[in-house]
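File shown: target.cif. Contents: mmCIF, C-alpha atoms and all ligand atoms.
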```
data_structure
loop_
_atom_site.label_atom_id
_atom_site.label_comp_id
_atom_site.auth_asym_id
_atom_site.auth_seq_id
_atom_site.Cartn_x
_atom_site.Cartn_y
_atom_site.Cartn_z
CA MET E 1 -4.46 -11.31 -31.50
CA LYS E 2 -7.26 -11.51 -28.98
CA THR E 3 -9.34 -8.89 -30.79
CA GLY E 4 -10.64 -9.24 -34.31
CA HIS E 5 -8.27 -6.56 -35.51
CA ASP E 6 -4.62 -6.99 -36.05
CA VAL E 7 -3.64 -3.79 -34.27
CA ALA E 8 -5.25 -1.70 -31.56
CA ILE E 9 -4.89 2.05 -31.88
CA ILE E 10 -5.44 3.99 -28.68
CA GLU E 11 -6.52 7.56 -29.23
CA VAL E 12 -4.71 9.89 -26.83
CA GLY E 13 -5.60 13.26 -28.41
CA PRO E 14 -8.19 14.27 -25.78
CA ARG E 15 -5.51 13.70 -23.12
CA ASP E 16 -2.01 14.12 -24.55
CA GLY E 17 -3.25 16.63 -27.13
CA LEU E 18 -5.48 18.86 -25.05
CA GLN E 19 -3.17 18.94 -22.02
CA ASN E 20 -0.84 21.02 -24.15
CA VAL E 21 -3.50 23.47 -25.33
CA THR E 22 -3.55 26.55 -23.11
CA ALA E 23 -6.96 27.90 -24.17
CA PHE E 24 -9.75 26.08 -22.36
CA VAL E 25 -11.72 23.80 -24.68
CA GLU E 26 -15.40 23.88 -23.71
CA THR E 27 -16.77 20.76 -22.08
CA ALA E 28 -19.35 20.23 -24.83
CA GLN E 29 -16.60 20.41 -27.45
CA LYS E 30 -14.46 17.86 -25.61
CA VAL E 31 -17.45 15.52 -25.37
CA SER E 32 -18.26 16.01 -29.03
CA LEU E 33 -14.63 15.37 -30.03
CA ILE E 34 -14.52 12.11 -28.09
CA ARG E 35 -17.90 10.97 -29.43
CA ARG E 36 -16.76 11.64 -33.00
CA LEU E 37 -13.53 9.71 -32.39
CA ALA E 38 -15.55 6.77 -31.08
CA ALA E 39 -17.86 6.95 -34.10
CA SER E 40 -14.87 6.60 -36.43
CA GLY E 41 -14.20 3.17 -34.95
CA LEU E 42 -11.66 3.87 -32.20
CA LYS E 43 -12.26 1.33 -29.46
CA GLU E 44 -10.07 2.82 -26.78
CA ILE E 45 -9.76 6.50 -25.96
CA GLN E 46 -7.79 8.33 -23.28
CA ALA E 47 -10.36 10.87 -22.20
CA GLY E 48 -8.13 13.08 -20.05
CA ALA E 49 -6.41 13.08 -16.68
CA PHE E 50 -7.51 13.42 -13.08
CA VAL E 51 -4.76 15.80 -12.00
CA SER E 52 -4.68 18.97 -9.96
CA PRO E 53 -6.53 21.73 -11.86
CA ARG E 54 -3.66 24.01 -10.84
CA SER E 55 -1.14 21.96 -12.79
CA ILE E 56 -3.33 21.35 -15.87
CA PRO E 57 -6.42 23.63 -15.85
CA GLN E 58 -7.61 22.09 -19.14
CA PHE E 59 -8.82 19.04 -17.18
CA ARG E 60 -10.79 20.87 -14.51
CA ASP E 61 -14.05 19.61 -16.08
CA MET E 62 -13.13 15.91 -16.18
CA ASN E 63 -16.22 14.78 -14.27
CA GLU E 64 -18.53 16.51 -16.73
CA VAL E 65 -16.58 15.17 -19.73
CA ILE E 66 -16.77 11.61 -18.42
CA ALA E 67 -20.49 11.99 -17.73
CA GLY E 68 -20.97 12.95 -21.38
CA ILE E 69 -19.21 9.89 -22.82
CA ILE E 70 -19.28 7.05 -20.32
CA ALA E 71 -22.48 5.48 -21.67
CA LEU E 72 -21.07 5.09 -25.19
CA PRO E 73 -21.12 1.40 -26.04
CA LYS E 74 -18.15 -0.63 -27.29
CA VAL E 75 -15.52 1.93 -26.27
CA ARG E 76 -13.04 1.56 -23.45
CA PHE E 77 -12.25 4.90 -21.82
CA SER E 78 -9.18 5.49 -19.71
CA VAL E 79 -7.71 8.43 -17.83
CA LEU E 80 -4.28 9.23 -16.49
CA VAL E 81 -3.92 9.44 -12.71
CA PRO E 82 -0.80 10.57 -10.82
CA ASN E 83 -1.86 9.44 -7.33
CA LEU E 84 -4.51 7.77 -5.15
CA GLN E 85 -6.64 10.90 -5.00
CA GLY E 86 -6.79 11.09 -8.79
CA ALA E 87 -7.54 7.37 -8.98
CA ARG E 88 -10.43 7.70 -6.51
CA GLU E 89 -11.94 10.61 -8.42
CA ALA E 90 -11.58 8.73 -11.69
CA VAL E 91 -13.31 5.62 -10.35
CA LYS E 92 -16.10 7.75 -8.87
CA SER E 93 -16.68 9.24 -12.33
CA GLY E 94 -17.35 5.75 -13.74
CA ILE E 95 -14.00 5.19 -15.47
CA GLU E 96 -12.84 1.58 -15.38
CA LYS E 97 -9.32 1.91 -16.69
CA LEU E 98 -6.69 3.89 -14.84
CA ILE E 99 -3.29 4.73 -16.25
CA PHE E 100 -0.72 5.56 -13.64
CA PHE E 101 2.14 7.53 -15.11
CA PHE E 102 5.68 8.16 -14.06
CA SER E 103 9.09 8.47 -15.69
CA LEU E 104 11.91 6.02 -15.99
CA SER E 105 14.35 8.87 -15.48
CA GLU E 106 14.51 10.35 -12.01
CA SER E 107 14.96 13.95 -13.13
CA HIS E 108 12.03 13.89 -15.56
CA ASN E 109 9.85 12.36 -12.86
CA LEU E 110 10.80 15.17 -10.47
CA ASN E 111 9.98 17.76 -13.13
CA ASN E 112 6.78 16.13 -14.31
CA VAL E 113 5.08 14.76 -11.20
CA HIS E 114 7.23 16.45 -8.53
CA GLN E 115 8.25 13.33 -6.70
CA THR E 116 11.02 10.73 -6.75
CA LYS E 117 10.63 7.54 -8.69
CA GLU E 118 10.57 5.60 -5.45
CA ALA E 119 7.62 7.71 -4.29
CA SER E 120 5.86 7.07 -7.62
CA LEU E 121 6.36 3.31 -7.28
CA LYS E 122 4.95 3.46 -3.76
CA GLY E 123 2.00 5.44 -5.11
CA LEU E 124 1.39 2.76 -7.73
CA GLU E 125 1.41 0.08 -5.04
CA VAL E 126 -1.09 2.05 -2.93
CA ILE E 127 -3.45 2.43 -5.89
CA ARG E 128 -3.11 -1.25 -6.75
CA ARG E 129 -3.95 -2.26 -3.18
CA ASN E 130 -6.95 0.04 -3.09
CA PHE E 131 -8.46 -1.16 -6.33
CA SER E 132 -7.32 -4.76 -6.66
CA THR E 133 -10.54 -6.06 -5.15
CA GLU E 134 -12.74 -3.95 -7.41
CA THR E 135 -12.68 -6.24 -10.41
CA PRO E 136 -13.83 -3.89 -13.15
CA ILE E 137 -10.94 -1.51 -12.49
CA GLU E 138 -8.00 -2.06 -14.78
CA LEU E 139 -4.69 -0.53 -13.71
CA CYS E 140 -2.04 0.16 -16.34
CA VAL E 141 1.22 2.08 -16.34
CA ALA E 142 2.47 4.67 -18.81
CA LEU E 143 6.22 4.74 -18.42
CA ALA E 144 7.68 8.01 -19.70
CA THR E 145 11.18 8.66 -21.12
CA VAL E 146 11.80 4.95 -21.89
CA PHE E 147 13.53 5.89 -25.15
CA GLY E 148 15.40 8.88 -23.75
CA CYS E 149 15.13 11.78 -21.33
CA PRO E 150 15.69 15.49 -22.04
CA PHE E 151 17.80 15.73 -18.88
CA GLU E 152 19.56 12.36 -18.66
CA GLY E 153 19.78 11.19 -22.28
CA TYR E 154 19.31 7.55 -23.26
CA MET E 155 18.38 4.87 -20.74
CA THR E 156 20.13 1.50 -20.77
CA THR E 157 18.02 -1.56 -21.57
CA ASP E 158 19.05 -3.04 -18.19
CA HIS E 159 17.69 0.02 -16.41
CA ILE E 160 14.44 -0.23 -18.36
CA LEU E 161 13.99 -3.95 -17.66
CA LYS E 162 14.74 -3.50 -13.94
CA ASP E 163 12.00 -0.89 -13.56
CA ILE E 164 9.53 -2.90 -15.62
CA HIS E 165 10.28 -5.86 -13.38
CA LYS E 166 9.19 -3.79 -10.34
CA ILE E 167 5.98 -2.76 -12.09
CA ALA E 168 5.18 -6.26 -13.34
CA ASN E 169 5.83 -7.66 -9.85
CA MET E 170 2.93 -5.56 -8.59
CA GLY E 171 0.64 -7.44 -10.95
CA VAL E 172 0.32 -4.71 -13.59
CA LYS E 173 -0.59 -6.41 -16.85
CA GLU E 174 -0.27 -3.53 -19.31
CA ILE E 175 2.58 -1.09 -19.74
CA SER E 176 2.92 1.66 -22.30
CA LEU E 177 6.51 2.40 -23.32
CA CYS E 178 6.59 6.13 -23.99
CA ASP E 179 8.98 8.12 -26.15
CA THR E 180 8.06 11.30 -24.33
CA VAL E 181 10.41 13.63 -26.19
CA GLY E 182 10.93 11.91 -29.54
CA PHE E 183 14.38 10.41 -28.99
CA ALA E 184 13.57 6.94 -30.35
CA ASN E 185 14.85 5.47 -33.58
CA PRO E 186 13.83 2.16 -35.17
CA ARG E 187 16.93 0.29 -34.01
CA LEU E 188 16.48 1.44 -30.41
CA VAL E 189 12.78 0.54 -30.61
CA GLU E 190 13.67 -2.94 -31.80
CA GLU E 191 16.18 -3.46 -28.99
CA ILE E 192 13.91 -2.26 -26.21
CA THR E 193 10.60 -3.75 -27.35
CA ALA E 194 12.16 -7.12 -28.18
CA ALA E 195 13.76 -7.28 -24.71
CA CYS E 196 10.46 -6.35 -23.03
CA LEU E 197 8.43 -8.92 -24.97
CA LYS E 198 11.01 -11.63 -24.25
CA ASP E 199 11.37 -10.94 -20.52
CA PHE E 200 7.72 -10.23 -19.70
CA PRO E 201 5.45 -12.50 -21.74
CA GLU E 202 2.68 -11.97 -19.17
CA VAL E 203 2.59 -8.20 -19.81
CA THR E 204 0.87 -6.50 -22.76
CA PHE E 205 3.04 -3.70 -24.07
CA ALA E 206 1.91 -0.62 -25.94
CA VAL E 207 4.13 2.01 -27.52
CA HIS E 208 3.67 5.75 -27.42
CA PHE E 209 5.77 7.67 -29.92
CA HIS E 210 6.13 11.38 -30.45
CA ASN E 211 7.02 12.53 -33.93
CA THR E 212 9.38 15.25 -32.73
CA ARG E 213 12.08 14.41 -35.24
CA GLY E 214 9.99 12.73 -37.90
CA LEU E 215 10.65 9.11 -36.89
CA GLY E 216 7.27 8.36 -35.31
CA LEU E 217 5.85 6.12 -38.04
CA ALA E 218 9.19 4.39 -38.67
CA ASN E 219 9.36 3.59 -34.96
CA ALA E 220 5.77 2.32 -34.90
CA LEU E 221 6.42 0.06 -37.87
CA ARG E 222 9.56 -1.36 -36.26
CA ALA E 223 7.62 -2.03 -33.06
CA TYR E 224 4.93 -3.78 -35.12
CA ASP E 225 7.53 -5.96 -36.83
CA VAL E 226 8.94 -6.95 -33.44
CA GLY E 227 5.47 -7.97 -32.22
CA ILE E 228 3.87 -4.94 -30.54
CA ARG E 229 0.17 -4.65 -31.35
CA ARG E 230 -0.96 -1.62 -29.31
CA PHE E 231 -0.15 1.90 -30.46
CA ASP E 232 -0.99 5.28 -28.99
CA ALA E 233 -1.71 8.09 -31.44
CA ALA E 234 -3.38 11.50 -31.36
CA VAL E 235 -5.79 12.85 -33.94
CA GLY E 236 -4.22 15.69 -35.92
CA GLY E 237 -0.82 14.84 -34.43
CA LEU E 238 -1.65 16.96 -31.40
CA GLY E 239 0.31 16.52 -28.24
CA GLY E 240 3.42 17.05 -26.30
CA CYS E 241 4.53 17.16 -22.74
CA PRO E 242 4.23 20.66 -21.27
CA PHE E 243 7.05 19.86 -18.83
CA ALA E 244 9.57 18.41 -21.28
CA PRO E 245 11.60 20.89 -23.29
CA GLY E 246 11.51 20.00 -26.99
CA ALA E 247 8.56 17.59 -26.82
CA SER E 248 6.11 17.93 -29.69
CA GLY E 249 3.18 16.08 -31.20
CA ASN E 250 2.26 12.43 -31.07
CA ILE E 251 2.07 10.27 -34.15
CA ALA E 252 -1.09 11.44 -35.94
CA THR E 253 -3.84 8.83 -35.73
CA GLU E 254 -4.77 9.54 -39.36
CA ASP E 255 -1.20 8.77 -40.51
CA LEU E 256 -0.91 5.59 -38.47
CA VAL E 257 -4.29 4.30 -39.69
CA PHE E 258 -3.34 5.18 -43.26
CA MET E 259 -0.05 3.29 -42.98
CA PHE E 260 -1.65 0.14 -41.57
CA ASN E 261 -4.57 0.32 -44.03
CA GLU E 262 -2.21 0.62 -46.98
CA MET E 263 -0.26 -2.38 -45.69
CA GLY E 264 -3.43 -4.44 -45.42
CA ILE E 265 -3.29 -4.55 -41.61
CA PRO E 266 -6.80 -4.00 -40.23
CA THR E 267 -7.34 -1.27 -37.65
CA GLY E 268 -11.14 -1.21 -37.51
CA ILE E 269 -11.04 2.57 -38.00
CA ASP E 270 -12.79 4.38 -40.83
CA LEU E 271 -10.27 6.86 -42.20
CA ASP E 272 -12.83 9.09 -43.90
CA SER E 273 -14.72 9.58 -40.63
CA LEU E 274 -11.46 10.15 -38.82
CA LEU E 275 -10.48 12.88 -41.29
CA ASN E 276 -13.80 14.56 -40.56
CA VAL E 277 -12.83 14.55 -36.88
CA SER E 278 -9.60 16.31 -37.86
CA GLY E 279 -11.79 18.94 -39.55
CA TYR E 280 -13.79 19.33 -36.33
CA LEU E 281 -10.53 19.74 -34.42
CA LYS E 282 -9.68 22.71 -36.66
CA GLU E 283 -13.04 24.24 -35.74
CA ILE E 284 -12.56 23.96 -31.99
CA LEU E 285 -8.85 24.80 -32.01
CA PRO E 286 -8.64 27.70 -34.43
CA GLY E 287 -5.07 28.60 -35.31
CA VAL E 288 -3.67 25.22 -34.42
CA ILE E 289 -1.77 23.63 -37.30
CA LEU E 290 -2.49 19.91 -37.50
CA SER E 291 0.68 18.00 -38.22
CA SER E 292 -1.04 14.95 -39.75
CA ALA E 293 0.45 14.45 -43.22
CA VAL E 294 -2.65 12.59 -44.40
CA TYR E 295 -4.90 15.41 -43.21
CA GLN E 296 -2.73 17.96 -45.00
CA ALA E 297 -2.49 16.04 -48.27
CA GLY E 298 -5.89 14.33 -48.35
CA LEU E 299 -6.31 10.74 -49.47
CA PRO E 300 -4.75 9.63 -52.75
CA GLN E 301 -7.20 9.79 -55.68
CA ALA E 302 -6.72 6.07 -56.30
CA GLN E 303 -7.91 5.31 -52.82
CA ILE E 304 -10.89 7.61 -53.01
CA SER E 305 -12.26 5.88 -56.13
CA GLY E 306 -10.57 2.52 -55.65
CA PRO E 307 -11.82 -0.60 -54.00
CA LYS E 308 -10.10 -0.09 -50.64
CA CYS E 309 -12.39 2.62 -49.35
CA GLY E 310 -15.13 2.34 -51.96
CA ALA E 311 -18.39 1.62 -50.19
CA PRO E 312 -20.63 -0.84 -52.01
CA GLY E 313 -22.81 1.06 -54.44
CA GLY E 314 -20.56 3.97 -55.27
CA ASN E 315 -17.50 6.03 -54.65
CA PRO E 316 -17.33 8.09 -51.50
CA PRO E 317 -17.27 11.85 -52.11
CA PHE E 318 -13.97 13.66 -52.24
CA PRO E 319 -13.02 14.42 -48.64
CA THR E 320 -14.27 17.78 -47.48
CA HIS E 321 -11.79 18.20 -44.68
CA ARG E 322 -9.25 20.14 -46.76
CA ASP E 323 -8.91 23.88 -46.32
CA TRP E 324 -8.97 24.97 -49.91
ZN ZN J 401 2.92 11.74 -24.95
#
```
Rewrite the structure of this file - the entire thing - as structure tokens.
Ligand code: ZN
Amino acid sequence: MKTGHDVAIIEVGPRDGLQNVTAFVETAQKVSLIRRLAASGLKEIQAGAFVSPRSIPQFRDMNEVIAGIIALPKVRFSVLVPNLQGAREAVKSGIEKLIFFFSLSESHNLNNVHQTKEASLKGLEVIRRNFSTETPIELCVALATVFGCPFEGYMTTDHILKDIHKIANMGVKEISLCDTVGFANPRLVEEITAACLKDFPEVTFAVHFHNTRGLGLANALRAYDVGIRRFDAAVGGLGGCPFAPGASGNIATEDLVFMFNEMGIPTGIDLDSLLNVSGYLKEILPGVILSSAVYQAGLPQAQISGPKCGAPGGNPPFPTHRDW
């Protein structure tokens, strides 16, 4: 891989997680959450979305949130944008990575962003034209419902490849394949990711799995085996699409890091610090049950005193994140 770490984990909790929380999270708390995530070693964080405050009021303070984090060194921040207006606001805030999102399925796109897929593709082209000369701006695509749609069911691989072809033809170099409603299974993941990697060697693919039916980690592992090295995850397993019936949380970042750590695959993320962030999440979102299995169970005793997480000079203290 290009980076020193074998896998890149992209934290999407501040975006995919908070967009589903109705109660407004104070700006200072959002900033603190993101800063703590960065301190645990996460190198790329989706900070939120520049969308209409009427559709997602949680993100009405995006400019202030970005101002509170943008100077953090060694972290790449990105935001979701649905259109040129959102992209312009995002760039004005100092963000250098834009993620344009739309759905592979027509009906989910109409429900989610209230326009046809053709209109979304045109919107992507407009954004690309506007920002292609501004070199620091990176434009990526998050493609929803790749592994199934709540309205249309499963997508054929041909359909998926045709749409990716249109996106790649615009010069987009990074595409996130999203299992928006948790329909994926390891075999389907293998088929789709292998076809994408084979047909588009010039594109970097990420995967975005929701753990709706408990297959999130199995899907991530299958994608890893096929060759995917970028994974979205949300601290505490927060998340879900407010416009997709049945959608629930993302893969928990803690669980994904734990899996890769245990397999000897470096992530660059300190799990103890990350579990402290989960504890902070409980403070700012009282009543929310975190679905991370590792957060719920704590780390195994062997790992607490063993060499894997033992800092030189002594054993780390027993994690204090548990609610005893
Ligand atoms: Zn999602």
- request: Output the neighbourhood of ligand ZN 401 (chain J) as a PyMOL selection string, that is, all protein and nucleic acid residues with some atom at most 10 Å from the ligand, counting only C-alpha atoms and all ligand atoms.
  value: chain E and resi 12-13+15-17+19+142+144-145+178-182+208-211+232-234+238-242+247-251
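For Thr204 in chain E, the list of residues within 7 Å, based on only C-alpha atoms and with local chain neighbours fewer than 5 positions off taken out, reads Lys173, Glu174 and Ile175 of chain E.
Counting all atoms listed in the file, the residue from E:Pro150, E:Pro53, E:Gly171, E:Gly236 that sits nearest to Ser105 in chain E is E:Pro150.
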query: Just how far from CA of Leu80 in chain E is CA of Gln46 in chain E, in Å to one decimal?
result: 7.7 Å
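Between Glu254 in chain E and the residues E:Leu290, E:Leu143, E:Val189, E:Val25, the shortest atom-to-atom distance, using only C-alpha atoms, involves E:Leu290.
Take CA of Lys97 in chain E and CA of Phe50 in chain E: the distance between them is 12.2 Å.
Separating CA of Glu125 in chain E from CA of Glu190 in chain E is a distance of 29.6 Å.
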